[in-house]
$ cat query.cif   # mmCIF, C-alpha atoms and all ligand atoms
data_data
#
loop_
_atom_site.label_atom_id
_atom_site.label_comp_id
_atom_site.auth_asym_id
_atom_site.auth_seq_id
_atom_site.Cartn_x
_atom_site.Cartn_y
_atom_site.Cartn_z
CA MET A 1 13.55 -5.99 27.64
CA ASP A 2 16.77 -6.06 25.59
CA PHE A 3 17.31 -3.26 23.11
CA LEU A 4 19.52 -4.07 20.11
CA ARG A 5 20.84 -1.24 17.93
CA PRO A 6 22.64 -2.68 14.88
CA ALA A 7 24.67 -0.13 12.93
CA THR A 8 24.55 -1.99 9.62
CA TRP A 9 22.17 -4.17 7.65
CA GLU A 10 24.43 -7.21 8.13
CA GLU A 11 24.40 -6.68 11.91
CA ALA A 12 20.60 -6.37 11.82
CA LEU A 13 20.26 -9.68 9.95
CA ALA A 14 22.68 -11.40 12.35
CA ALA A 15 20.71 -10.07 15.33
CA LYS A 16 17.41 -11.29 13.86
CA ALA A 17 18.94 -14.71 13.18
CA GLU A 18 20.16 -14.92 16.76
CA HIS A 19 16.89 -13.55 18.24
CA PRO A 20 14.03 -14.60 15.90
CA THR A 21 11.41 -13.29 18.36
CA ALA A 22 12.99 -9.80 18.39
CA VAL A 23 10.48 -7.15 17.31
CA PRO A 24 11.91 -4.76 14.71
CA ILE A 25 11.19 -1.09 15.27
CA ALA A 26 11.50 1.50 12.48
CA GLY A 27 9.34 4.63 12.89
CA GLY A 28 7.81 3.07 16.00
CA THR A 29 4.35 4.52 15.29
CA ASP A 30 2.75 1.08 15.62
CA VAL A 31 5.25 -0.64 17.92
CA MET A 32 5.37 2.11 20.56
CA VAL A 33 1.57 2.31 20.72
CA GLU A 34 1.39 -1.45 21.29
CA ILE A 35 4.05 -1.30 24.01
CA ASN A 36 2.51 1.76 25.69
CA PHE A 37 -0.90 0.10 25.80
CA ASP A 38 0.68 -3.14 27.02
CA HIS A 39 -0.64 -5.05 24.01
CA ARG A 40 2.83 -6.35 23.38
CA ARG A 41 5.80 -6.93 25.68
CA PRO A 42 8.69 -8.17 23.49
CA ASP A 43 11.76 -9.66 25.14
CA VAL A 44 13.94 -7.99 22.52
CA LEU A 45 13.47 -4.83 20.44
CA LEU A 46 15.55 -4.57 17.27
CA ASP A 47 16.00 -0.89 16.48
CA LEU A 48 16.56 -0.36 12.73
CA ASN A 49 17.04 3.41 12.92
CA ARG A 50 20.81 3.33 12.45
CA VAL A 51 20.63 1.17 9.30
CA GLY A 52 21.04 3.86 6.64
CA ASP A 53 20.17 1.61 3.66
CA LEU A 54 16.60 1.36 4.86
CA TYR A 55 16.08 5.12 4.41
CA GLU A 56 17.16 5.22 0.76
CA TRP A 57 15.30 4.75 -2.49
CA GLU A 58 16.30 4.23 -6.10
CA VAL A 59 14.27 5.10 -9.18
CA GLY A 60 14.99 2.51 -11.87
CA GLN A 61 13.70 2.06 -15.43
CA GLU A 62 10.53 0.25 -14.41
CA THR A 63 10.41 0.14 -10.65
CA VAL A 64 11.17 2.17 -7.57
CA ARG A 65 13.10 0.35 -4.88
CA LEU A 66 11.82 1.97 -1.71
CA GLY A 67 13.83 1.33 1.47
CA ALA A 68 11.63 -0.19 4.15
CA ALA A 69 11.98 2.70 6.60
CA VAL A 70 11.61 5.65 4.18
CA PRO A 71 9.03 7.85 5.92
CA TYR A 72 5.75 8.80 4.23
CA THR A 73 6.84 12.45 4.09
CA ARG A 74 9.68 11.52 1.72
CA VAL A 75 7.32 9.47 -0.48
CA ILE A 76 5.04 12.51 -0.77
CA GLU A 77 7.87 14.97 -1.44
CA ALA A 78 10.08 12.90 -3.73
CA LEU A 79 8.05 10.17 -5.42
CA GLY A 80 4.69 11.70 -6.35
CA ARG A 81 5.41 11.36 -10.08
CA GLU A 82 6.65 7.77 -10.03
CA LEU A 83 4.26 6.47 -7.35
CA PRO A 84 1.21 8.75 -7.46
CA GLY A 85 -1.17 6.25 -5.82
CA LEU A 86 1.17 5.59 -2.90
CA ALA A 87 1.88 9.32 -2.50
CA LEU A 88 -1.87 10.07 -2.36
CA ALA A 89 -2.35 7.36 0.26
CA ALA A 90 0.67 8.63 2.23
CA ARG A 91 -0.95 12.08 2.44
CA THR A 92 -3.88 10.54 4.32
CA VAL A 93 -1.77 8.75 6.94
CA GLY A 94 -2.08 10.12 10.49
CA SER A 95 -0.65 13.59 11.08
CA PRO A 96 2.61 15.29 10.00
CA GLN A 97 4.36 13.73 13.01
CA ILE A 98 3.21 10.23 12.04
CA ARG A 99 4.10 10.82 8.37
CA ASN A 100 7.60 11.96 9.41
CA ARG A 101 8.22 8.69 11.27
CA GLY A 102 5.91 6.04 9.80
CA SER A 103 7.03 3.96 6.83
CA VAL A 104 5.71 1.63 4.16
CA GLY A 105 7.92 -1.15 5.57
CA GLY A 106 6.29 -0.63 8.97
CA ASN A 107 2.82 -0.68 7.39
CA LEU A 108 3.71 -4.01 5.76
CA GLY A 109 5.22 -5.34 8.99
CA ALA A 110 2.04 -4.48 10.87
CA ALA A 111 -0.08 -5.93 8.00
CA SER A 112 -3.27 -4.33 9.30
CA PRO A 113 -6.11 -4.71 6.77
CA ALA A 114 -6.65 -0.96 7.32
CA GLY A 115 -3.07 0.08 6.42
CA ASP A 116 -3.16 2.80 3.79
CA SER A 117 -0.12 1.65 1.80
CA HIS A 118 -1.70 -1.63 0.81
CA PRO A 119 -4.34 -0.60 -1.79
CA PRO A 120 -1.85 1.44 -3.86
CA LEU A 121 0.84 -1.27 -3.63
CA LEU A 122 -1.68 -3.85 -4.86
CA ALA A 123 -2.90 -1.55 -7.64
CA ALA A 124 0.56 -0.53 -8.86
CA GLY A 125 2.10 -3.99 -8.57
CA ALA A 126 4.83 -4.49 -5.95
CA GLU A 127 7.18 -7.04 -4.45
CA VAL A 128 8.45 -7.13 -0.89
CA GLU A 129 12.20 -7.75 -0.54
CA ALA A 130 12.43 -10.09 2.45
CA VAL A 131 15.94 -10.86 3.63
CA SER A 132 17.53 -13.10 6.24
CA ALA A 133 21.04 -14.37 6.86
CA ARG A 134 19.91 -17.32 4.64
CA GLY A 135 19.25 -15.15 1.57
CA THR A 136 16.79 -12.86 -0.19
CA ARG A 137 13.35 -13.49 -1.68
CA LEU A 138 10.92 -11.21 -3.48
CA ILE A 139 7.33 -11.76 -2.35
CA PRO A 140 4.54 -10.46 -4.62
CA VAL A 141 2.59 -8.10 -2.38
CA GLU A 142 -0.68 -9.98 -2.90
CA GLU A 143 0.99 -13.04 -1.34
CA PHE A 144 2.49 -11.06 1.52
CA TYR A 145 -0.72 -10.62 3.53
CA THR A 146 -1.61 -13.95 5.13
CA GLY A 147 -4.28 -12.98 7.69
CA VAL A 148 -5.42 -10.20 9.98
CA LYS A 149 -2.18 -8.48 11.03
CA ARG A 150 -0.17 -11.44 9.74
CA ASN A 151 2.34 -11.54 6.93
CA ALA A 152 4.56 -13.97 5.06
CA LEU A 153 7.84 -13.07 6.79
CA ALA A 154 9.74 -15.93 8.42
CA PRO A 155 10.87 -15.28 12.02
CA ASP A 156 14.44 -14.53 10.94
CA GLU A 157 13.47 -12.25 8.03
CA LEU A 158 13.40 -8.47 7.77
CA ILE A 159 11.92 -6.28 5.06
CA ARG A 160 14.74 -4.50 3.31
CA ALA A 161 12.78 -2.68 0.59
CA VAL A 162 9.65 -2.72 -1.53
CA HIS A 163 9.96 -2.83 -5.32
CA ILE A 164 7.02 -0.89 -6.75
CA ALA A 165 6.19 -0.63 -10.46
CA LYS A 166 6.49 2.98 -11.67
CA ALA A 167 3.18 4.44 -12.80
CA ASP A 168 2.59 4.06 -16.54
CA GLY A 169 -0.80 5.77 -16.25
CA PRO A 170 -3.08 7.57 -13.82
CA GLN A 171 -3.55 6.23 -10.29
CA GLN A 172 -5.98 7.15 -7.54
CA PHE A 173 -6.53 6.41 -3.87
CA SER A 174 -9.70 7.02 -1.92
CA LYS A 175 -10.35 6.51 1.79
CA VAL A 176 -13.46 6.77 3.91
CA GLY A 177 -13.00 7.61 7.58
CA THR A 178 -15.09 8.85 10.44
CA ARG A 179 -13.36 12.25 10.23
CA ASN A 180 -11.12 14.08 7.82
CA ALA A 181 -7.65 13.46 9.28
CA MET A 182 -5.88 11.24 11.85
CA VAL A 183 -8.22 8.44 11.04
CA ILE A 184 -7.95 4.71 10.41
CA ALA A 185 -9.79 3.81 7.21
CA VAL A 186 -13.35 2.50 7.46
CA CYS A 187 -12.51 1.29 3.99
CA ALA A 188 -10.19 2.36 1.19
CA PHE A 189 -9.71 1.75 -2.51
CA GLY A 190 -6.81 2.14 -4.92
CA LEU A 191 -7.01 2.05 -8.71
CA ALA A 192 -4.23 2.11 -11.29
CA LEU A 193 -4.70 2.29 -15.06
CA HIS A 194 -1.93 0.57 -16.99
CA PRO A 195 -2.17 1.87 -20.57
CA ALA A 196 1.10 0.14 -21.49
CA THR A 197 -0.57 -3.26 -21.05
CA ARG A 198 -4.17 -2.00 -21.42
CA THR A 199 -5.03 -3.41 -18.02
CA VAL A 200 -6.28 -2.06 -14.72
CA ARG A 201 -5.39 -3.11 -11.17
CA THR A 202 -7.06 -2.42 -7.87
CA GLY A 203 -6.57 -2.69 -4.13
CA ILE A 204 -9.21 -2.83 -1.41
CA GLY A 205 -8.35 -1.87 2.17
CA SER A 206 -10.20 -2.46 5.43
CA ALA A 207 -13.00 -4.52 3.88
CA ALA A 208 -11.64 -8.08 4.18
CA PRO A 209 -9.33 -9.91 6.62
CA THR A 210 -6.40 -8.84 4.46
CA PRO A 211 -5.91 -6.16 1.80
CA VAL A 212 -7.10 -7.69 -1.50
CA ARG A 213 -7.33 -7.02 -5.21
CA ALA A 214 -10.78 -6.96 -6.78
CA GLY A 215 -9.86 -9.58 -9.39
CA THR A 216 -13.19 -10.02 -11.16
CA ALA A 217 -13.70 -6.25 -11.29
CA GLU A 218 -10.26 -5.82 -12.86
CA GLU A 219 -10.98 -8.51 -15.47
CA PHE A 220 -14.36 -7.01 -16.30
CA LEU A 221 -13.05 -3.46 -16.71
CA THR A 222 -9.96 -4.54 -18.66
CA ALA A 223 -12.19 -6.46 -21.10
CA ALA A 224 -14.80 -3.68 -21.33
CA LEU A 225 -12.22 -0.97 -22.09
CA GLU A 226 -10.80 -3.18 -24.86
CA GLU A 227 -14.14 -4.28 -26.35
CA GLU A 228 -15.50 -0.74 -26.44
CA GLY A 229 -12.23 0.53 -27.98
CA LEU A 230 -11.97 3.11 -25.22
CA TRP A 231 -8.17 3.27 -24.92
CA ASP A 232 -8.01 4.78 -28.44
CA SER A 233 -11.36 6.51 -28.92
CA GLY A 234 -11.06 9.44 -26.50
CA ARG A 235 -14.53 8.61 -25.15
CA THR A 236 -15.59 8.49 -21.54
CA VAL A 237 -16.38 5.18 -19.82
CA PRO A 238 -20.10 4.39 -20.29
CA PRO A 239 -22.06 4.66 -17.01
CA SER A 240 -23.22 1.04 -17.33
CA VAL A 241 -19.57 -0.13 -17.38
CA ALA A 242 -18.67 2.08 -14.40
CA ARG A 243 -21.70 0.78 -12.47
CA GLN A 244 -20.85 -2.86 -13.16
CA PHE A 245 -17.21 -2.28 -12.20
CA ALA A 246 -18.35 -0.73 -8.90
CA GLU A 247 -20.70 -3.66 -8.20
CA LEU A 248 -17.93 -6.17 -8.82
CA VAL A 249 -15.49 -4.28 -6.58
CA ALA A 250 -18.03 -4.37 -3.74
CA ALA A 251 -18.64 -8.09 -4.38
CA CYS A 252 -14.90 -8.84 -4.06
CA ALA A 253 -14.83 -7.48 -0.50
CA SER A 254 -15.74 -9.53 2.58
CA PRO A 255 -16.24 -6.80 5.16
CA ILE A 256 -17.38 -7.14 8.76
CA ASP A 257 -19.50 -4.98 11.07
CA ASP A 258 -17.28 -3.27 13.65
CA VAL A 259 -17.03 -0.04 15.64
CA ARG A 260 -15.89 1.89 12.60
CA GLY A 261 -18.67 0.87 10.21
CA SER A 262 -21.07 -1.84 9.13
CA ALA A 263 -20.36 -4.38 6.41
CA ALA A 264 -23.22 -2.95 4.35
CA TYR A 265 -21.83 0.59 4.63
CA ARG A 266 -18.37 -0.62 3.61
CA ARG A 267 -19.75 -2.28 0.48
CA HIS A 268 -21.72 0.86 -0.36
CA ALA A 269 -18.63 3.05 0.15
CA LEU A 270 -16.55 0.75 -2.05
CA ARG A 271 -19.10 1.10 -4.88
CA VAL A 272 -18.89 4.89 -4.60
CA MET A 273 -15.08 4.96 -4.40
CA ALA A 274 -14.71 2.55 -7.33
CA ARG A 275 -16.96 4.69 -9.56
CA ARG A 276 -15.29 7.94 -8.53
CA THR A 277 -11.70 6.73 -8.86
CA LEU A 278 -12.54 5.30 -12.28
CA GLY A 279 -13.94 8.67 -13.36
CA TRP A 280 -10.92 10.58 -12.04
CA THR A 281 -8.30 8.27 -13.55
CA TRP A 282 -10.08 8.01 -16.90
CA ASP A 283 -10.44 11.82 -17.17
CA GLU A 284 -6.72 12.13 -16.45
CA TYR A 285 -5.92 9.46 -19.05
CA LEU A 286 -7.97 11.27 -21.71
CA GLY A 287 -6.30 14.58 -20.79
CA ASN A 288 -2.84 13.01 -21.11
CA GLU A 289 -3.77 11.53 -24.50
CA ARG A 290 -5.05 14.92 -25.79
CA SER A 291 -1.87 16.68 -24.59
CA ALA A 292 0.30 14.02 -26.26
CA ARG A 293 -1.57 14.51 -29.57
CA CYS A 294 -1.19 18.33 -29.42
CA ALA A 295 2.52 18.20 -28.54
C1 LIG B 1 -1.74 8.54 15.75
C2 LIG B 1 -1.53 7.48 14.70
C3 LIG B 1 -2.18 7.61 13.48
C4 LIG B 1 -2.02 6.63 12.49
N1 LIG B 1 -2.66 6.79 11.29
C5 LIG B 1 -2.50 5.84 10.33
C6 LIG B 1 -3.16 6.00 9.08
O1 LIG B 1 -3.90 6.97 8.83
N2 LIG B 1 -2.98 5.02 8.14
C7 LIG B 1 -2.17 3.93 8.38
O2 LIG B 1 -2.03 3.09 7.48
N3 LIG B 1 -1.53 3.78 9.57
C8 LIG B 1 -1.67 4.70 10.53
N4 LIG B 1 -1.03 4.54 11.73
C9 LIG B 1 -0.21 3.35 11.94
C10 LIG B 1 1.29 3.52 11.60
O3 LIG B 1 1.67 4.87 11.57
C11 LIG B 1 1.61 2.90 10.23
O4 LIG B 1 1.27 1.53 10.21
C12 LIG B 1 3.09 3.04 9.84
O5 LIG B 1 3.23 2.74 8.48
C13 LIG B 1 4.02 2.18 10.66
O6 LIG B 1 5.35 2.45 10.24
P1 LIG B 1 6.54 2.51 11.30
O7 LIG B 1 7.80 2.72 10.54
O8 LIG B 1 6.24 3.51 12.37
O9 LIG B 1 6.46 1.03 11.89
P2 LIG B 1 6.88 0.44 13.32
O10 LIG B 1 5.91 0.87 14.35
O11 LIG B 1 8.31 0.67 13.58
O12 LIG B 1 6.66 -1.11 12.97
C14 LIG B 1 5.40 -1.61 12.61
C15 LIG B 1 5.47 -3.14 12.45
O13 LIG B 1 6.33 -3.47 11.37
C16 LIG B 1 7.45 -4.22 11.85
N5 LIG B 1 8.60 -3.74 11.09
C17 LIG B 1 9.05 -2.46 10.97
N6 LIG B 1 10.09 -2.40 10.12
C18 LIG B 1 10.32 -3.67 9.70
C19 LIG B 1 11.26 -4.27 8.81
N7 LIG B 1 12.19 -3.55 8.14
N8 LIG B 1 11.18 -5.59 8.60
C20 LIG B 1 10.25 -6.35 9.23
N9 LIG B 1 9.33 -5.85 10.09
C21 LIG B 1 9.36 -4.52 10.31
C22 LIG B 1 7.51 -3.98 13.34
O14 LIG B 1 8.12 -5.02 14.07
C23 LIG B 1 6.03 -3.85 13.68
O15 LIG B 1 5.43 -5.12 13.77
C24 LIG B 1 -1.17 5.51 12.74
C25 LIG B 1 -0.49 5.39 13.97
C26 LIG B 1 -0.68 6.37 14.95
C27 LIG B 1 0.05 6.24 16.26
#

$ encode --input "query.cif" --output "structure tokens"
Amino acid sequence: MDFLRPATWEEALAAKAEHPTAVPIAGGTDVMVEINFDHRRPDVLLDLNRVGDLYEWEVGQETVRLGAAVPYTRVIEALGRELPGLALAARTVGSPQIRNRGSVGGNLGAASPAGDSHPPLLAAGAEVEAVSARGTRLIPVEEFYTGVKRNALAPDELIRAVHIAKADGPQQFSKVGTRNAMVIAVCAFGLALHPATRTVRTGIGSAAPTPVRAGTAEEFLTAALEEEGLWDSGRTVPPSVARQFAELVAACASPIDDVRGSAAYRRHALRVMARRTLGWTWDEYLGNERSARCA
């Protein structure tokens, strides 16, 4: 096995162009497991650890540009205000050791339907910056996942960064696992309220071949909040609306039975998580509105 260690981004792109089958390695928390278990035996490993750009982030007016290899620990420590959904999800990833190494770029590269970054990226709104020696393209995250553990990257492309919309309202992430920590999600759900546009967005994890948004549930809730005048009234979301939202979220999933849980359990858990995250985010929204009025 050849081991390439580019020192710069340009060298990394040149190496990927020359060796399109090279497997990039960032934190290594997926790649090393696959190699150790002999699930993968790449001819070439492309180590990205010396490429400093990938470990940086920039907070802009509307988005955060998060370097592909920024570890979860940094997201939790530095970006909880701008990216609260992603920071909540990052807290649930693995153990401190995994959070110190593992990255959002690696989660996207692996493209597991159970990856915890995906629901909050879908809910916030994000684009993946995919780069090759040929140029750069921004891929909306919902188009990035193309199948189970498959993504839209071309063989010569690397993820440089993820551009994630800064929170303009409350966000939540909820995950069901077979134990409290160090657990791959049985299913997961992310919800973001967007008061600026009076819309909501969602992300479902581990309950379909790829991470998905619950489109019909989003449309229903966005319309219901508007029709009931809830953004301005200071009232709670009626239980009938919350119930219907939860039903639609579950209907948008296409889960399977596997060792971690049955399809029926996953749909049930999604209903519960959808209702709870709606309650939590709406309470926070009302609290923020009250504080703004008193200030
Ligand atoms: C004990 C343990 C617990 C875990 N718990 C969780 C968990 O709770 N939730 C969860 O979501 N995951 C979990 N994981 C999986 C893993 O930690 C995450 O998927 C993590 O985000 C991977 O990031 P990484 O930087 O380590 O990726 P790597 O292992 O370095 O790479 C992962 C994949 O992405 C590709 N890749 C990496 N960087 C790039 C790039 N810049 N451009 C293109 N492709 C790239 C690699 O080639 C590989 O295919 C766990 C893993 C372990 C070992």

$ residues_around --input "query.cif" --residues "A:Ile139" --least-positions-apart "3" --cutoff "12 Å" --atoms "only C-alpha atoms" --output "ChimeraX atom specification"
/A:108,125-131,136,142-146,151-154,159-164

$ closest_residue --input "query.cif" --among "A:Thr8, A:Asn100, A:Asn107, A:Asn49" --to "ligand LIG 1 (chain B)" --atoms "all atoms listed in the file"
A:Asn107

$ residues_near_ligand --input "query.cif" --ligand "ligand LIG 1 (chain B)" --cutoff "8 Å" --atoms "all atoms listed in the file" --output "number ranges by chain"
A: 23-33, 48, 54, 68-72, 90, 92-95, 98-99, 101-112, 114-117, 130, 153, 157-161, 181-185

$ closest_atom_pairs --input "query.cif" --of "stretch 210-239 of chain A" --to "stretch 278-284 of chain A" --cutoff "10 Å" --atoms "all atoms listed in the file" --output "Markdown table"
| residue | atom | partner | partner_atom | distance |
| --- | --- | --- | --- | --- |
| A:Leu221 | CA | A:Leu278 | CA | 9.8 |
| A:Leu230 | CA | A:Trp282 | CA | 9.8 |
| A:Trp231 | CA | A:Trp282 | CA | 9.5 |
| A:Gly234 | CA | A:Asp283 | CA | 9.6 |
| A:Arg235 | CA | A:Trp282 | CA | 9.4 |
| A:Thr236 | CA | A:Trp282 | CA | 7.2 |
| A:Val237 | CA | A:Trp282 | CA | 7.5 |
| A:Pro239 | CA | A:Gly279 | CA | 9.8 |

$ write_last_selection --input "query.cif" --atoms "C-alpha atoms" --output "JSON list (two decimals), in the coordinates of the input"
[["chain", "number", "residue", "atom", "x", "y", "z"],
["A", 221, "LEU", "CA", -13.05, -3.46, -16.71],
["A", 230, "LEU", "CA", -11.97, 3.11, -25.22],
["A", 231, "TRP", "CA", -8.17, 3.27, -24.92],
["A", 234, "GLY", "CA", -11.06, 9.44, -26.50],
["A", 235, "ARG", "CA", -14.53, 8.61, -25.15],
["A", 236, "THR", "CA", -15.59, 8.49, -21.54],
["A", 237, "VAL", "CA", -16.38, 5.18, -19.82],
["A", 239, "PRO", "CA", -22.06, 4.66, -17.01]]

$ closest_atom_pairs --input "query.cif" --of "stretch 65-176 of chain A" --to "stretch 190-200 of chain A" --cutoff "8 Å" --atoms "all atoms listed in the file" --output "JSON lines"
{"residue": "A:Gly85", "atom": "CA", "partner": "A:Gly190", "partner_atom": "CA", "distance": 7.0}
{"residue": "A:Pro119", "atom": "CA", "partner": "A:Gly190", "partner_atom": "CA", "distance": 4.8}
{"residue": "A:Pro120", "atom": "CA", "partner": "A:Gly190", "partner_atom": "CA", "distance": 5.1}
{"residue": "A:Leu122", "atom": "CA", "partner": "A:Gly190", "partner_atom": "CA", "distance": 7.9}
{"residue": "A:Ala123", "atom": "CA", "partner": "A:Ala192", "partner_atom": "CA", "distance": 5.3}
{"residue": "A:Ala124", "atom": "CA", "partner": "A:Ala192", "partner_atom": "CA", "distance": 6.0}
{"residue": "A:Ala167", "atom": "CA", "partner": "A:His194", "partner_atom": "CA", "distance": 7.7}
{"residue": "A:Asp168", "atom": "CA", "partner": "A:His194", "partner_atom": "CA", "distance": 5.7}
{"residue": "A:Gly169", "atom": "CA", "partner": "A:Leu193", "partner_atom": "CA", "distance": 5.4}
{"residue": "A:Pro170", "atom": "CA", "partner": "A:Leu193", "partner_atom": "CA", "distance": 5.7}
{"residue": "A:Gln171", "atom": "CA", "partner": "A:Ala192", "partner_atom": "CA", "distance": 4.3}
{"residue": "A:Gln172", "atom": "CA", "partner": "A:Leu191", "partner_atom": "CA", "distance": 5.3}
{"residue": "A:Phe173", "atom": "CA", "partner": "A:Gly190", "partner_atom": "CA", "distance": 4.4}
{"residue": "A:Ser174", "atom": "CA", "partner": "A:Gly190", "partner_atom": "CA", "distance": 6.4}

$ atom_distance --input "query.cif" --atom1 "atom CA of A:Ala295" --atom2 "atom CA of A:Leu79"
25.1 Å

$ closest_residue --input "query.cif" --among "A:Gly203, A:Gly135, A:Pro42, A:Pro96" --to "A:Leu13" --atoms "only C-alpha atoms"
A:Gly135

$ atom_distance --input "query.cif" --atom1 "atom CA of A:Arg271" --atom2 "atom CA of A:Ala250"
5.7 Å

$ closest_residue --input "query.cif" --among "A:Ala133, A:Val176, A:Ala89, A:Leu270" --to "A:Ser254" --atoms "all atoms listed in the file"
A:Leu270

$ residues_around --input "query.cif" --residues "stretch 60-62 of chain A" --least-positions-apart "2" --cutoff "7 Å" --atoms "all atoms listed in the file" --output "ChimeraX atom specification"
/A:58,64,165-166

$ atom_distance --input "query.cif" --atom1 "atom CA of A:Arg260" --atom2 "atom CA of A:Ser206"
10.1 Å

$ closest_residue --input "query.cif" --among "A:Ser233, A:Val186, A:Gly80, A:Lys175" --to "A:Tyr285" --atoms "all atoms listed in the file"
A:Ser233

$ residues_around --input "query.cif" --residues "A:Glu56" --least-positions-apart "4" --cutoff "8 Å" --atoms "only C-alpha atoms" --output "list in words"
Gly52, Leu66, Gly67 and Val70 of chain A
